[in-house]
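**Student:** Pasting model02.cif below, which is mmCIF, C-alpha atoms.
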```cif
data_work
#
loop_
_atom_site.label_atom_id
_atom_site.label_comp_id
_atom_site.auth_asym_id
_atom_site.auth_seq_id
_atom_site.Cartn_x
_atom_site.Cartn_y
_atom_site.Cartn_z
CA MET A 125 0.00 0.00 0.00
CA ALA A 126 1.30 3.47 -0.90
CA ARG A 127 0.84 6.64 1.10
CA GLY A 128 -2.02 8.82 -0.10
CA TYR A 129 -1.76 12.48 -1.01
CA LEU A 130 -0.81 14.69 1.92
CA PRO A 131 -2.21 18.23 1.56
CA PRO A 132 -0.06 21.24 2.48
CA ALA A 133 1.13 20.63 6.01
CA ASN A 134 2.22 24.12 7.07
CA ASP A 135 2.09 27.79 6.06
CA GLU A 136 5.13 27.45 3.81
CA GLU A 137 3.55 24.63 1.83
CA LYS A 138 0.21 26.45 1.64
CA LEU A 139 1.97 29.51 0.22
CA PHE A 140 3.81 27.34 -2.31
CA PHE A 141 0.50 25.73 -3.34
CA ARG A 142 -1.07 29.16 -3.96
CA ARG A 143 1.94 30.42 -5.89
CA VAL A 144 1.87 27.44 -8.26
CA LYS A 145 -1.82 28.08 -8.96
CA GLU A 146 -1.07 31.77 -9.62
CA LEU A 147 1.75 30.78 -11.97
CA ALA A 148 -0.61 28.45 -13.84
CA TYR A 149 -3.23 31.19 -14.20
CA ALA A 150 -0.55 33.60 -15.46
CA ALA A 151 0.62 31.11 -18.11
CA GLN A 152 -2.95 30.39 -19.19
CA SER A 153 -4.03 34.03 -19.42
CA SER A 154 -0.90 35.37 -21.13
CA GLY A 155 -0.05 32.37 -23.29
CA MET A 156 3.56 32.85 -22.19
CA PRO A 157 5.54 29.94 -20.71
CA ARG A 158 6.43 30.09 -17.03
CA HIS A 159 8.76 28.01 -14.90
CA THR A 160 9.79 27.56 -11.28
CA ALA A 161 13.15 26.99 -9.68
CA PHE A 162 14.16 23.40 -8.86
CA LEU A 163 11.55 21.61 -6.78
CA SER A 164 11.96 18.73 -4.35
CA ASP A 165 9.91 15.59 -4.84
CA ARG A 166 7.48 16.78 -2.13
CA GLN A 167 7.06 20.13 -3.89
CA GLN A 168 6.42 18.31 -7.16
CA VAL A 169 3.58 16.39 -5.50
CA LEU A 170 2.08 19.64 -4.20
CA ALA A 171 2.57 21.32 -7.58
CA ARG A 172 0.65 18.55 -9.38
CA ALA A 173 -2.23 18.94 -6.94
CA ALA A 174 -2.21 22.73 -7.33
CA LEU A 175 -2.21 22.45 -11.13
CA SER A 176 -5.10 20.00 -11.01
CA SER A 177 -7.01 22.43 -8.81
CA ALA A 178 -6.29 25.21 -11.34
CA GLY A 179 -7.46 23.05 -14.26
CA CYS A 180 -4.02 23.16 -15.84
CA ALA A 181 -2.72 20.09 -17.68
CA ASP A 182 -0.24 21.75 -20.06
CA TYR A 183 3.02 21.31 -18.14
CA HIS A 184 5.95 19.02 -17.54
CA PHE A 185 8.81 18.59 -15.08
CA ASP A 186 12.43 18.68 -16.26
CA GLY A 187 15.48 17.89 -14.16
CA GLY A 188 17.94 17.35 -16.99
CA TYR A 189 17.79 13.56 -17.21
CA PRO A 190 14.99 10.97 -16.86
CA GLU A 191 15.69 9.86 -13.28
CA ALA A 192 16.17 13.36 -11.84
CA GLU A 193 14.91 13.80 -8.28
CA ARG A 194 14.85 17.61 -8.28
CA ALA A 195 13.12 19.18 -11.28
CA ILE A 196 11.80 22.44 -12.68
CA LEU A 197 8.08 22.84 -13.32
CA CYS A 198 7.63 24.11 -16.89
CA LEU A 199 4.21 25.59 -17.76
CA HIS A 200 3.89 25.74 -21.52
CA GLY A 201 1.40 28.53 -22.14
CA ASP A 202 1.07 28.62 -25.92
CA ALA A 203 4.66 27.46 -26.42
CA PRO A 204 5.55 23.89 -27.45
CA LYS A 205 6.66 21.46 -24.78
CA THR A 206 10.15 21.30 -26.25
CA GLY A 207 11.15 24.82 -25.16
CA ALA A 208 14.70 25.69 -24.20
CA PRO A 209 15.70 24.41 -20.75
CA GLN A 210 16.20 26.99 -18.03
CA PHE A 211 19.25 25.32 -16.55
CA GLY A 212 22.72 24.11 -17.39
CA CYS A 213 24.83 21.06 -16.58
CA LEU A 214 28.35 21.44 -15.20
CA LEU A 215 31.11 19.00 -14.35
CA VAL A 216 33.04 19.85 -11.20
CA GLU A 217 36.32 17.99 -11.69
CA ALA A 218 38.68 17.25 -8.82
CA THR A 219 42.25 18.16 -9.78
CA GLU A 220 43.73 15.94 -7.08
CA ARG A 221 42.81 12.79 -5.23
CA HIS A 222 39.50 13.71 -3.67
CA ASN A 223 39.05 10.92 -1.12
CA ALA A 224 35.45 10.26 -2.07
CA LEU A 225 33.89 13.70 -1.84
CA THR A 226 30.20 13.33 -1.05
CA HIS A 227 26.98 14.97 -2.18
CA ARG A 228 27.06 16.97 1.07
CA ASP A 229 30.57 18.27 0.33
CA TYR A 230 29.55 19.59 -3.08
CA LEU A 231 26.28 21.08 -1.86
CA GLY A 232 28.07 22.84 1.00
CA ALA A 233 30.60 24.33 -1.41
CA PHE A 234 27.84 25.64 -3.70
CA LEU A 235 25.84 27.14 -0.83
CA SER A 236 28.97 28.84 0.54
CA LEU A 237 29.06 30.89 -2.66
CA GLY A 238 25.65 32.31 -1.82
CA ILE A 239 23.76 30.10 -4.28
CA LYS A 240 20.28 29.29 -2.97
CA ARG A 241 19.21 25.68 -2.67
CA GLU A 242 16.32 26.13 -5.11
CA CYS A 243 18.83 27.13 -7.81
CA ILE A 244 20.53 23.73 -7.56
CA GLY A 245 19.16 20.55 -9.11
CA ASP A 246 20.62 17.09 -8.73
CA ILE A 247 24.26 16.61 -7.77
CA LEU A 248 25.69 13.36 -9.14
CA PRO A 249 29.12 12.40 -7.72
CA CYS A 250 31.27 10.36 -10.11
CA SER A 251 34.87 9.16 -10.33
CA ALA A 252 36.03 12.46 -11.84
CA GLY A 253 34.12 14.69 -9.41
CA ALA A 254 30.43 15.50 -9.76
CA TYR A 255 27.89 16.57 -12.35
CA VAL A 256 25.49 19.28 -11.18
CA PHE A 257 22.40 20.90 -12.69
CA LEU A 258 21.89 24.61 -11.96
CA LEU A 259 19.62 27.42 -13.05
CA ASP A 260 21.16 29.41 -15.90
CA THR A 261 21.28 32.49 -13.68
CA VAL A 262 23.89 30.98 -11.34
CA VAL A 263 25.96 28.95 -13.83
CA PRO A 264 28.44 31.83 -14.46
CA LEU A 265 28.97 32.32 -10.72
CA LEU A 266 29.89 28.69 -10.15
CA CYS A 267 32.14 28.59 -13.21
CA GLU A 268 34.03 31.70 -12.09
CA GLU A 269 34.15 31.33 -8.31
CA LEU A 270 34.27 27.66 -7.37
CA CYS A 271 37.87 26.52 -6.89
CA ARG A 272 37.64 24.15 -3.92
CA VAL A 273 35.27 21.56 -2.52
CA GLY A 274 36.29 20.84 1.03
CA ARG A 275 40.07 20.72 0.93
CA CYS A 276 40.18 19.52 -2.65
CA ALA A 277 40.99 21.82 -5.57
CA VAL A 278 38.49 21.62 -8.44
CA ARG A 279 37.86 23.07 -11.86
CA VAL A 280 34.49 23.58 -13.49
CA ARG A 281 33.46 23.13 -17.09
CA ARG A 282 30.17 23.05 -18.93
CA ALA A 283 28.88 19.58 -19.72
CA GLN A 284 25.98 17.88 -21.46
CA ALA A 285 23.45 15.56 -19.90
CA GLN A 286 24.50 12.97 -22.49
CA GLU A 287 27.86 12.75 -20.72
CA LEU A 288 26.33 11.45 -17.52
CA PRO A 289 27.72 8.03 -16.63
CA ALA A 290 25.25 5.24 -16.13
CA GLN A 291 24.12 5.45 -12.56
CA THR A 292 25.29 2.52 -10.47
CA GLN A 293 22.33 0.66 -9.05
CA ARG A 294 22.23 1.15 -5.30
CA PRO A 295 22.23 -2.14 -3.42
CA LEU A 296 18.82 -3.24 -2.19
CA ARG A 297 18.94 -3.91 1.53
CA LYS A 298 16.52 -6.07 3.49
CA ALA A 299 15.37 -6.15 7.08
CA SER A 300 12.55 -7.51 9.23
CA ILE A 301 10.61 -5.32 11.64
CA ALA A 302 8.07 -5.95 14.35
CA SER A 303 5.55 -3.44 12.98
CA LEU A 304 5.11 -0.79 10.31
CA ARG A 305 5.86 1.97 12.80
CA LEU A 306 8.35 4.71 12.09
CA ASP A 307 10.59 3.98 15.08
CA ALA A 308 10.77 0.28 14.21
CA LEU A 309 11.75 0.98 10.61
CA LEU A 310 14.33 3.62 11.52
CA ALA A 311 15.96 1.26 14.00
CA ALA A 312 16.25 -1.43 11.32
CA MET A 313 17.52 0.84 8.53
CA LEU A 314 20.01 2.76 10.70
CA HIS A 315 21.08 -0.23 12.82
CA ILE A 316 20.29 1.58 16.04
CA SER A 317 18.02 0.89 19.01
CA ARG A 318 14.33 1.78 19.07
CA ALA A 319 15.13 4.29 21.83
CA ASP A 320 17.74 6.02 19.67
CA ALA A 321 15.31 6.05 16.76
CA ALA A 322 12.71 7.66 19.01
CA GLY A 323 15.26 10.28 19.99
CA LEU A 324 15.83 11.20 16.33
CA VAL A 325 12.11 11.72 15.76
CA LYS A 326 11.65 13.74 18.96
CA SER A 327 14.61 15.99 18.06
CA GLY A 328 13.07 16.86 14.68
CA ALA A 329 15.77 15.04 12.71
CA VAL A 330 13.41 12.89 10.60
CA GLU A 331 11.32 13.84 7.58
CA ILE A 332 9.01 11.56 5.60
CA ASN A 333 8.61 12.73 2.01
CA HIS A 334 9.99 16.13 3.09
CA VAL A 335 7.38 16.49 5.83
CA LEU A 336 8.61 16.62 9.43
CA ALA A 337 7.80 13.40 11.29
CA GLU A 338 6.22 14.14 14.66
CA SER A 339 5.03 10.73 15.86
CA LEU A 340 6.99 7.61 16.71
CA HIS A 341 3.87 5.63 15.89
CA ALA A 342 3.47 7.05 12.37
CA GLU A 343 2.72 4.28 9.88
CA VAL A 344 5.15 3.83 6.99
CA TYR A 345 4.24 3.00 3.39
CA GLU A 346 5.92 1.70 0.27
CA ASN A 347 7.87 4.34 -1.67
CA ASP A 348 8.20 6.61 1.36
CA MET A 349 11.42 8.64 1.34
CA PHE A 350 13.08 9.26 4.70
CA SER A 351 15.54 12.10 5.29
CA ILE A 352 17.40 11.66 8.57
CA ARG A 353 19.75 14.40 9.70
CA GLY A 354 23.21 12.96 10.24
CA PHE A 355 22.42 9.71 8.40
CA GLY A 356 21.22 10.59 4.90
CA LYS A 357 18.24 9.45 2.85
CA TYR A 358 16.47 6.10 2.66
CA HIS A 359 13.77 4.84 0.31
CA LEU A 360 11.36 2.15 1.47
CA SER A 361 11.10 0.11 -1.70
CA GLU A 362 8.88 -2.77 -0.68
CA ILE A 363 6.82 -4.04 2.24
CA GLY A 364 6.81 -7.80 1.99
CA PRO A 365 5.04 -10.66 3.74
CA GLN A 366 5.19 -11.56 7.41
CA SER A 367 7.31 -14.30 8.88
CA ARG A 368 5.83 -17.12 10.93
CA LYS A 369 6.69 -15.10 14.05
CA GLY A 370 4.80 -12.08 12.75
CA ARG A 371 7.76 -9.94 11.70
CA ILE A 372 7.42 -7.96 8.48
CA PHE A 373 10.03 -8.15 5.74
CA VAL A 374 10.96 -4.83 4.12
CA SER A 375 13.37 -3.79 1.37
CA TYR A 376 14.99 -0.34 1.15
CA PHE A 377 17.67 1.68 -0.61
CA GLU A 378 20.24 3.85 1.18
CA TYR A 379 21.33 7.04 -0.62
#
```
Translate this file's structure into structure tokens.

**Tutor:**
Amino acid sequence: MARGYLPPANDEEKLFFRRVKELAYAAQSSGMPRHTAFLSDRQQVLARAALSSAGCADYHFDGGYPEAERAILCLHGDAPKTGAPQFGCLLVEATERHNALTHRDYLGAFLSLGIKRECIGDILPCSAGAYVFLLDTVVPLLCEELCRVGRCAVRVRRAQAQELPAQTQRPLRKASIASLRLDALLAAMLHISRADAAGLVKSGAVEINHVLAESLHAEVYENDMFSIRGFGKYHLSEIGPQSRKGRIFVSYFEY
């Protein structure tokens, strides 16, 4: 069973919902295309609901490649769907041994330049460094100003999405849990105790599909995405059958 649609959960999400509807009305009335900055997967869910509410079906999402997690909402107006993208792809190449720089390292370096998170799409670490998608407005800044990621010297060049290496399939991990409660699943995925998992939730360190988790007893569903501060992201891929002792088998990916 998958989680149903969650309506805007706070004032920030309600404002985002209204702004997407306003953008849709502007595109429909003027016939001119409109677009957003990069949206998270949760924002994309809210955007689809807002567009449905506005009676708008003439749009698509574009993150630069088919499996993109973060994507721009493109409202067509009277323009064809195949309009020019509003972003560029860059390769940030490490000029020395980079000791496995992580997504967090690259994101921190970009943010330190004053680039806002919504201007940054997916960051894809690779053996040479990392590919990154950015709004056109900030591409020159990154090309000119970025010279280090962490302690590693880097150089930046423009790239094409066609250059992206085939993404290595993340290993599918399996576990068994006593119940489909949030604290039970977190304990299994993070290899910690239920008490420590409860502490993460109570401290506000856990989000489910980009919504803050507030209850240890929250039920989990297939395809839920968990963001856990200090641990990373996890995707609950499958909820399987129960064992003879009543434990539930689950499969998940760690990002």

**Student:** Name the residues captured by the PyMOL selection byres ((chain A and resi 268-282) around 7) when it is applied to the shown file; answer as a list in words.

**Tutor:**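 Answer for the PyMOL selection byres ((chain A and resi 268-282) around 7): Cys213, Leu214, Leu215, Val216, Glu217, Ala218, Thr219, Glu220, His222, Asp229, Tyr230, Ala233, Pro264, Leu265, Leu266, Cys267 and Ala283 of chain A.
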
**Student:** Counting all atoms listed in the file, figure out which residue out of A:Met156, A:Val263, A:Leu130, A:Ile247 gets nearest to Val335 in chain A.

**Tutor:** A:Leu130

**Student:** As an exercise, work out the distance from CA of Arg142 in chain A to CA of Ala192 in chain A in Å and give it to one decimal place.

**Tutor:** 24.7 Å

**Student:** Set the distance at 12 Å and use all atoms listed in the file: which residues neighbour Ala171 in chain A once local chain neighbours fewer than 5 positions away are removed? I'd like the list as a ChimeraX atom specification.

**Tutor:** /A:129,131-132,137-148,159-160,162-166,176-178,180-181,183-185,195-199

**Student:** Could you tell me which residues the PyMOL selection byres ((chain A and resi 303) around 12) returns for this structure, as a VMD selection string?

**Tutor:** chain A and resid 299 to 302 304 to 312 318 340 to 345 363 to 367 369 to 374

**Student:** Using C-alpha atoms, can you export the residues from the last selection as a PDB file, in the coordinates of the input?

**Tutor:**
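File produced: again.pdb:
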```
ATOM      1  CA  ALA A 299      15.370  -6.150   7.080  1.00  0.00           C
ATOM      2  CA  SER A 300      12.550  -7.510   9.230  1.00  0.00           C
ATOM      3  CA  ILE A 301      10.610  -5.320  11.640  1.00  0.00           C
ATOM      4  CA  ALA A 302       8.070  -5.950  14.350  1.00  0.00           C
ATOM      5  CA  LEU A 304       5.110  -0.790  10.310  1.00  0.00           C
ATOM      6  CA  ARG A 305       5.860   1.970  12.800  1.00  0.00           C
ATOM      7  CA  LEU A 306       8.350   4.710  12.090  1.00  0.00           C
ATOM      8  CA  ASP A 307      10.590   3.980  15.080  1.00  0.00           C
ATOM      9  CA  ALA A 308      10.770   0.280  14.210  1.00  0.00           C
ATOM     10  CA  LEU A 309      11.750   0.980  10.610  1.00  0.00           C
ATOM     11  CA  LEU A 310      14.330   3.620  11.520  1.00  0.00           C
ATOM     12  CA  ALA A 311      15.960   1.260  14.000  1.00  0.00           C
ATOM     13  CA  ALA A 312      16.250  -1.430  11.320  1.00  0.00           C
ATOM     14  CA  ARG A 318      14.330   1.780  19.070  1.00  0.00           C
ATOM     15  CA  LEU A 340       6.990   7.610  16.710  1.00  0.00           C
ATOM     16  CA  HIS A 341       3.870   5.630  15.890  1.00  0.00           C
ATOM     17  CA  ALA A 342       3.470   7.050  12.370  1.00  0.00           C
ATOM     18  CA  GLU A 343       2.720   4.280   9.880  1.00  0.00           C
ATOM     19  CA  VAL A 344       5.150   3.830   6.990  1.00  0.00           C
ATOM     20  CA  TYR A 345       4.240   3.000   3.390  1.00  0.00           C
ATOM     21  CA  ILE A 363       6.820  -4.040   2.240  1.00  0.00           C
ATOM     22  CA  GLY A 364       6.810  -7.800   1.990  1.00  0.00           C
ATOM     23  CA  PRO A 365       5.040 -10.660   3.740  1.00  0.00           C
ATOM     24  CA  GLN A 366       5.190 -11.560   7.410  1.00  0.00           C
ATOM     25  CA  SER A 367       7.310 -14.300   8.880  1.00  0.00           C
ATOM     26  CA  LYS A 369       6.690 -15.100  14.050  1.00  0.00           C
ATOM     27  CA  GLY A 370       4.800 -12.080  12.750  1.00  0.00           C
ATOM     28  CA  ARG A 371       7.760  -9.940  11.700  1.00  0.00           C
ATOM     29  CA  ILE A 372       7.420  -7.960   8.480  1.00  0.00           C
ATOM     30  CA  PHE A 373      10.030  -8.150   5.740  1.00  0.00           C
ATOM     31  CA  VAL A 374      10.960  -4.830   4.120  1.00  0.00           C
TER      32      VAL A 374
END
```

**Student:** Using all atoms listed in the file, find the one residue out of A:Ser375, A:Ser251, A:Thr261, A:Asn333 that sits nearest to Leu170 in chain A.

**Tutor:**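 Ranked by minimum distance to Leu170 in chain A, first place goes to A:Asn333.
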
**Student:** Please check which residues have atoms at most 12 Å from (-3.4, 30.1, -27.8) in the file's coordinates, counting only C-alpha atoms, and write them as JSON, numbers by chain.

**Tutor:** {"A": [151, 152, 153, 154, 155, 156, 157, 182, 200, 201, 202, 203, 204]}

**Student:** Edge lengths and centre in Å to one decimal, as AutoDock Vina command-line options, of the axis-aligned box that encloses all listed atoms of range 288-303 of chain A with 4 Å added on every side?

**Tutor:**
```
--center_x 16.6 --center_y 2.0 --center_z -1.6 --size_x 30.2 --size_y 27.0 --size_z 39.9
```

**Student:** Under the PyMOL selection byres ((chain A and resi 355) around 10), which residues of this model are included? Write them out as a list in words.

**Tutor:**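 Applying the expression gives Leu314, Ala329, Val330, Ser351, Ile352, Arg353, Gly354, Gly356, Lys357, Tyr358, Glu378 and Tyr379 of chain A.
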
**Student:** So that I can check the surroundings of Gly212 in chain A, please list as a PyMOL selection string every protein, DNA and RNA residue that reaches within 9 Å of it, counting all atoms listed in the file and ignoring chain neighbours fewer than 3 positions away.

**Tutor:** chain A and resi 188+209+256-260+263+282-285

**Student:** Any idea what the distance is between CA of Gly232 in chain A and CA of Pro249 in chain A?

**Tutor:** 13.6 Å

**Student:** I'd like the interatomic distance between CA of Ile239 in chain A and CA of Ala224 in chain A, to a tenth of an Å.

**Tutor:** 23.1 Å
